[in-house]
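Engineer: Pasting in a structure now, in structure tokens, and then I'll have a few things to ask.
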Amino acid sequence: MSKPKVQVNPAATPPIQAEPVQNVSASVFSDEEIRVRAYQIYESSDRTNKHPDEDWSQAQTELMEMLGGK
């Protein structure tokens, strides 16, 4: 006796959802990528911001959030 063939209904299969990237570290980005974003932040403040360390940290944070890390 042969086994009957089972047909799988594609609608019955739940879609696979991508999970956000977790534990993304700033080391994923090169210093050049962070530097470019930090400079963009500096320029957006009409070059009046005198806190390059804060711009650097903000750039790292924004880049990480783009990948889904918090």
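Convention: chains lettered A, B, ... in structure tokens order; per-chain residue numbering from 1; ligands numbered from 1 as shown.
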List the neighbours of region 28-30 of chain A out to 10 Å using only C-alpha atoms; skip same-chain residues closer than 4 positions along the sequence, and give me the result as a ChimeraX atom specification.
Structural biologist: /A:24,34-35,60,63-64,67
Engineer: Give me the residues within 12 Å of His51 (chain A) as a list in words, counting only C-alpha atoms and dropping any in the same chain fewer than 5 places off.
Structural biologist: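 The neighbour list is Ala38, Tyr39, Ile41, Tyr42, Ser45, Trp56, Ser57 and Gln58 of chain A.
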Engineer: So the first atom is CA of Glu65 (chain A) and the second is CA of Glu33 (chain A); what is the distance between them in Å, to one decimal place?
Structural biologist: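 Result for CA of Glu65 (chain A) versus CA of Glu33 (chain A): 14.2 Å, one decimal.
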Engineer: One decimal, in Å: what's the spacing between CA of Glu32 (chain A) and CA of Asp46 (chain A)?
Structural biologist: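 So the two atoms, CA of Glu32 (chain A) and CA of Asp46 (chain A), lie 21.3 Å apart.
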